[in-house]
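Let me begin by presenting the structure, written as structure tokens, before commenting on it.
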Amino acid sequence: ENVLSQPSNKPNDKLLGGLLAAGFDEASCTSRYQSSLYRKTSLHKPSSYLISRLRKYEDLHKRCGPSTESYNTALQQLKSGQTIGSPDCNYLVWISFSGLGNRILALASTFLYALLTNRVLLVDRGKDMADLFCEPFPEKSWLLPMDFPIIDQFETLDQKSSHSYGNMLKNNVINASTESAPSYIYLHLVHDYDDHDKLFFCDEDQSLLAKVPWLIIKTNNYFVPSLFLITPFEQELSKLFPEKGTVFHHLGRYLFHPSNHVWGLITRYYHTYLAKADESIGIQIRVFDSRPGPFKHVMDQVLACTLKEKLLPEVDMQDSVVTISENPKLKAVLVTSLNSGYSENLKNMYWEHPTLTGVVGIYQPSDEGYQQMEKQMHNRKAWAEMYLLSLTDALVTSSWSTFGYVAQGLGGLKPWILYKPENETAPDPPCHRAISMEPCFHAPPFYDCKAKKGIDTGTIVPHVRHCEDMSWGLKVV
Ligand code: GDP
């Protein structure tokens, strides 16, 4: 369906039902104001409480952001290592780390934590954050100033760092009765974090951390599900998100606006290949294998899933002569993969054989071969592809992939998830419809803070459950 030819949306839609603040310079970030032309109106309304908390956050950010008086005062504290009294503003510095999908999910989780704890979020620009995304908050930048005191230590911060919360606890540098808190703590929430680091998710530890003006966080995880299990956040979260499984859907649409470069990639591709289709589907093929592929078992699985779920039409292998109507329905299939083999195969199949229902166009924007870190265009394309996938009518994603989670969340789509193949065979059933559009937290803690023993955190409340694609992961439903 051509969204651009529909009568224009309600005026409010431009700001996504009040989710986005007005008053930005439109030319500096075209995507913020144009996204509603490409997306169907979300079926999920942001709560008025979420909207009011976002406006409040924006005020806080304006008051405390870089180069304000409060920021400079807090910076002095950080440099001197001492906390004197309670500062006006507390900060949460997010370190740029890991693949782009992981980064987007980690940053959304970090922003939610900032909202819950009234902290100001500052984003380390890493190699390309400023190139990929627009500023999300009015007037004051979310980017961490380049002259930030410990910025050159960011890369080396890891599980062993003496400033990590886990190690400070282990070494008795701090404990629950600590009076004078350190001026900063490093939160190591990367997948290799240990039991001490994981105490971050305990109620008592949150009251200790609340005394620390600067928290510096490194994570490659969507840790939102475990925030729902922290008692002091429970009530606030249910007010922010009365419809629980919409956290990333709303926060993602609020925070992540493609920069003008990336918006060019998205809109040119959309108009060339997707806009004229009657229906579109996205297929995200991510194979976690060091060999390049393509693999037959993956192709078999994609076909088994899409045909069984009637996402793609069957072809007539008898090649009976089918007379095509004058105006056949066009189904556009957007394939994203590091390898071009799967889409070439599909393209040939629909050229060589007829279907009973119209024609099928197969499009793949890029095939970059392998994950690349240093090339600017590489991540621009990756971001454009996640976004394009989110604009399709139905989505098929690969297990374990944050790339797919970003697309499903932004699009508000419950994808069909391709189960992870074992021993080079396509699993049966090949795929399964997701129970919610939320991303999966891949490395959750399994600890009962009160009883001080292990517990299955996927069975404590009905809205935090194990994921479809990873049995030990947690997701909000
Ligand atoms: P995940 O590893 O699937 O969870 O996703 P990430 O986005 O965190 O890391 C994978 C990275 O590999 C991406 O950021 C891209 O750089 C690259 N990549 C993986 N799949 C694709 C794809 O389909 N298209 C493009 N352009 N890049 C991809």
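Residues in the structure tokens are named by chain (A, B, ... in the order shown) and by number from 1 within that chain; ligands are numbered from 1 in the order shown.
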
Protein and nucleic residues near ligand 1, 8 Å, only C-alpha atoms and all ligand atoms, as a tab-separated table (two decimals) with N, CA and C atoms, in the first residue's frame:
```tsv
chain	number	residue	atom	x	y	z
A	98	SER	N	30.07	-2.01	21.00
A	98	SER	CA	29.43	-3.16	20.32
A	98	SER	C	28.75	-2.80	18.99
A	99	GLY	N	28.09	-3.81	18.38
A	99	GLY	CA	27.42	-3.64	17.08
A	99	GLY	C	26.28	-2.64	17.15
A	100	LEU	N	25.81	-2.18	16.03
A	100	LEU	CA	24.84	-1.09	16.02
A	100	LEU	C	23.50	-1.48	16.66
A	101	GLY	N	23.01	-2.67	16.37
A	101	GLY	CA	21.75	-3.10	16.97
A	101	GLY	C	21.87	-3.15	18.48
A	102	ASN	N	22.95	-3.75	18.95
A	102	ASN	CA	23.21	-3.82	20.39
A	102	ASN	C	23.27	-2.42	20.99
A	103	ARG	N	23.93	-1.51	20.29
A	103	ARG	CA	24.09	-0.15	20.82
A	103	ARG	C	22.75	0.54	20.98
A	284	GLN	N	14.85	-10.73	7.61
A	284	GLN	CA	16.17	-10.41	8.11
A	284	GLN	C	16.92	-11.71	8.36
A	285	ILE	N	17.98	-11.92	7.59
A	285	ILE	CA	18.71	-13.18	7.70
A	285	ILE	C	20.08	-12.93	8.31
A	286	ARG	N	20.22	-13.35	9.56
A	286	ARG	CA	21.48	-13.16	10.29
A	286	ARG	C	21.96	-14.53	10.68
A	335	VAL	N	14.92	-8.06	1.73
A	335	VAL	CA	15.79	-9.02	2.40
A	335	VAL	C	17.01	-8.27	2.91
A	336	THR	N	17.37	-8.45	4.19
A	336	THR	CA	18.64	-7.91	4.66
A	336	THR	C	19.51	-9.07	5.12
A	337	SER	N	20.75	-9.04	4.70
A	337	SER	CA	21.68	-10.09	5.06
A	337	SER	C	23.09	-9.63	4.72
A	338	LEU	N	24.06	-10.21	5.36
A	338	LEU	CA	25.45	-9.91	4.99
A	338	LEU	C	25.82	-10.61	3.69
A	339	ASN	N	24.98	-11.58	3.29
A	339	ASN	CA	25.26	-12.40	2.12
A	339	ASN	C	24.14	-12.23	1.10
A	365	PRO	N	19.18	-4.33	-0.08
A	365	PRO	CA	19.94	-3.08	-0.22
A	365	PRO	C	21.46	-3.29	-0.25
A	366	SER	N	22.00	-4.18	0.59
A	366	SER	CA	23.46	-4.34	0.62
A	366	SER	C	23.82	-5.76	0.96
A	367	ASP	N	25.05	-6.15	0.65
A	367	ASP	CA	25.57	-7.43	1.13
A	367	ASP	C	27.02	-7.19	1.48
A	368	GLU	N	27.22	-6.80	2.72
A	368	GLU	CA	28.52	-6.29	3.15
A	368	GLU	C	29.53	-7.40	3.47
A	370	TYR	N	30.72	-9.15	5.86
A	370	TYR	CA	30.97	-9.43	7.28
A	370	TYR	C	30.81	-8.13	8.05
A	371	GLN	N	30.70	-8.28	9.37
A	371	GLN	CA	30.53	-7.10	10.22
A	371	GLN	C	31.79	-6.26	10.21
A	372	GLN	N	31.65	-4.97	9.91
A	372	GLN	CA	32.82	-4.10	9.83
A	372	GLN	C	32.71	-2.98	10.84
A	373	MET	N	33.82	-2.62	11.40
A	373	MET	CA	33.79	-1.66	12.49
A	373	MET	C	34.16	-0.24	12.06
A	378	HIS	N	29.30	1.65	6.26
A	378	HIS	CA	28.82	0.34	6.71
A	378	HIS	C	27.70	0.47	7.76
A	379	ASN	N	27.94	1.26	8.79
A	379	ASN	CA	26.92	1.39	9.82
A	379	ASN	C	25.76	2.26	9.38
A	380	ARG	N	26.03	3.23	8.47
A	380	ARG	CA	24.91	3.99	7.92
A	380	ARG	C	23.95	3.04	7.21
A	381	LYS	N	24.51	2.11	6.44
A	381	LYS	CA	23.65	1.16	5.73
A	381	LYS	C	22.94	0.23	6.70
A	382	ALA	N	23.67	-0.22	7.72
A	382	ALA	CA	23.04	-1.11	8.69
A	382	ALA	C	21.84	-0.42	9.35
A	383	TRP	N	22.01	0.83	9.72
A	383	TRP	CA	20.92	1.59	10.36
A	383	TRP	C	19.77	1.79	9.37
A	384	ALA	N	20.10	2.15	8.13
A	384	ALA	CA	19.06	2.34	7.11
A	384	ALA	C	18.27	1.05	6.92
A	385	GLU	N	18.96	-0.09	6.94
A	385	GLU	CA	18.28	-1.36	6.71
A	385	GLU	C	17.38	-1.75	7.88
A	386	MET	N	17.84	-1.51	9.10
A	386	MET	CA	16.96	-1.79	10.25
A	386	MET	C	15.69	-0.96	10.12
A	400	TRP	N	18.25	-14.42	18.10
A	400	TRP	CA	19.43	-13.85	18.77
A	400	TRP	C	19.90	-12.53	18.20
A	401	SER	N	19.23	-11.99	17.21
A	401	SER	CA	19.80	-10.82	16.55
A	401	SER	C	19.16	-9.52	17.02
A	402	THR	N	20.00	-8.63	17.56
A	402	THR	CA	19.50	-7.33	18.00
A	402	THR	C	19.13	-6.46	16.81
A	403	PHE	N	19.75	-6.71	15.67
A	403	PHE	CA	19.43	-6.01	14.41
A	403	PHE	C	17.93	-6.17	14.11
A	404	GLY	N	17.45	-7.41	14.24
A	404	GLY	CA	16.02	-7.69	14.03
A	404	GLY	C	15.16	-7.09	15.13
```

Step one, run DSSP on the backbone; step two, keep only residues of region 135-324 of chain A assigned to strand (DSSP E); then write them as a list in words.
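Of region 135-324 of chain A, only Tyr184, Ile185, Tyr186, Leu187, His188, Leu189, Trp214, Leu215, Ile216, Ile217, Lys218, Thr219, Glu279, Ser280, Ile281, Gly282, Ile283, Gln284 and Ile285 of chain A fall in strand (DSSP E).
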
Name the residues in contact with Glu438 (chain A) at a cut-off of 8 Å, using only C-alpha atoms, excluding same-chain residues fewer than 6 positions from it; report them as a PyMOL selection string.
chain A and resi 245-249+405+408-409+475-477

For the residues in that selection, give me N, CA and C atoms as a short mmCIF file (atom, residue, chain, number, x, y, z; two decimals), in the first residue's frame.
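Final output, saved to out_13.cif:
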```
data_model
loop_
_atom_site.label_atom_id
_atom_site.label_comp_id
_atom_site.auth_asym_id
_atom_site.auth_seq_id
_atom_site.Cartn_x
_atom_site.Cartn_y
_atom_site.Cartn_z
N GLY A 245 4.37 -4.25 26.94
CA GLY A 245 5.29 -4.64 25.87
C GLY A 245 5.55 -3.58 24.82
N THR A 246 5.52 -2.30 25.20
CA THR A 246 5.72 -1.23 24.22
C THR A 246 6.90 -0.33 24.59
N VAL A 247 7.75 -0.79 25.49
CA VAL A 247 8.82 0.08 26.00
C VAL A 247 9.75 0.51 24.87
N PHE A 248 10.33 -0.45 24.16
CA PHE A 248 11.25 -0.06 23.10
C PHE A 248 10.52 0.61 21.94
N HIS A 249 9.31 0.18 21.68
CA HIS A 249 8.52 0.80 20.61
C HIS A 249 8.44 2.32 20.81
N TYR A 405 15.63 -7.11 16.37
CA TYR A 405 14.83 -6.55 17.48
C TYR A 405 14.55 -5.07 17.25
N GLN A 408 11.78 -4.71 14.59
CA GLN A 408 10.45 -5.08 15.06
C GLN A 408 9.91 -4.05 16.05
N GLY A 409 10.76 -3.54 16.92
CA GLY A 409 10.33 -2.58 17.93
C GLY A 409 9.92 -1.25 17.30
N LYS A 475 12.13 -11.23 28.35
CA LYS A 475 11.51 -10.12 27.62
C LYS A 475 10.22 -9.68 28.27
N VAL A 476 9.87 -8.42 28.02
CA VAL A 476 8.64 -7.86 28.56
C VAL A 476 7.51 -8.19 27.59
N VAL A 477 6.41 -8.65 28.11
CA VAL A 477 5.29 -8.97 27.21
C VAL A 477 4.04 -8.21 27.64
#
```

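Proximity to Leu132 (chain A) was assessed for A:His432, A:His196, A:Arg39, A:His257 counting only C-alpha atoms; the smallest distance is recorded for A:His257.
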
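Interatomic distance, CA of Met129 (chain A) against CA of Trp94 (chain A): 11.4 Å.
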
I'd like to know which of A:Lys45, A:Ser109, A:Cys134, A:Gly341 is closest to Phe256 (chain A), using only C-alpha atoms.
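Using only C-alpha atoms, the shortest distance to Phe256 (chain A) belongs to A:Cys134.
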
Å distance separating CA of Leu92 (chain A) from CA of Asn171 (chain A), one decimal place:
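Those two atoms sit 23.3 Å apart.
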
A:Phe24, A:Tyr269, A:Phe111, A:Tyr363: which is nearest Val224 (chain A), counting only C-alpha atoms?
A:Phe111
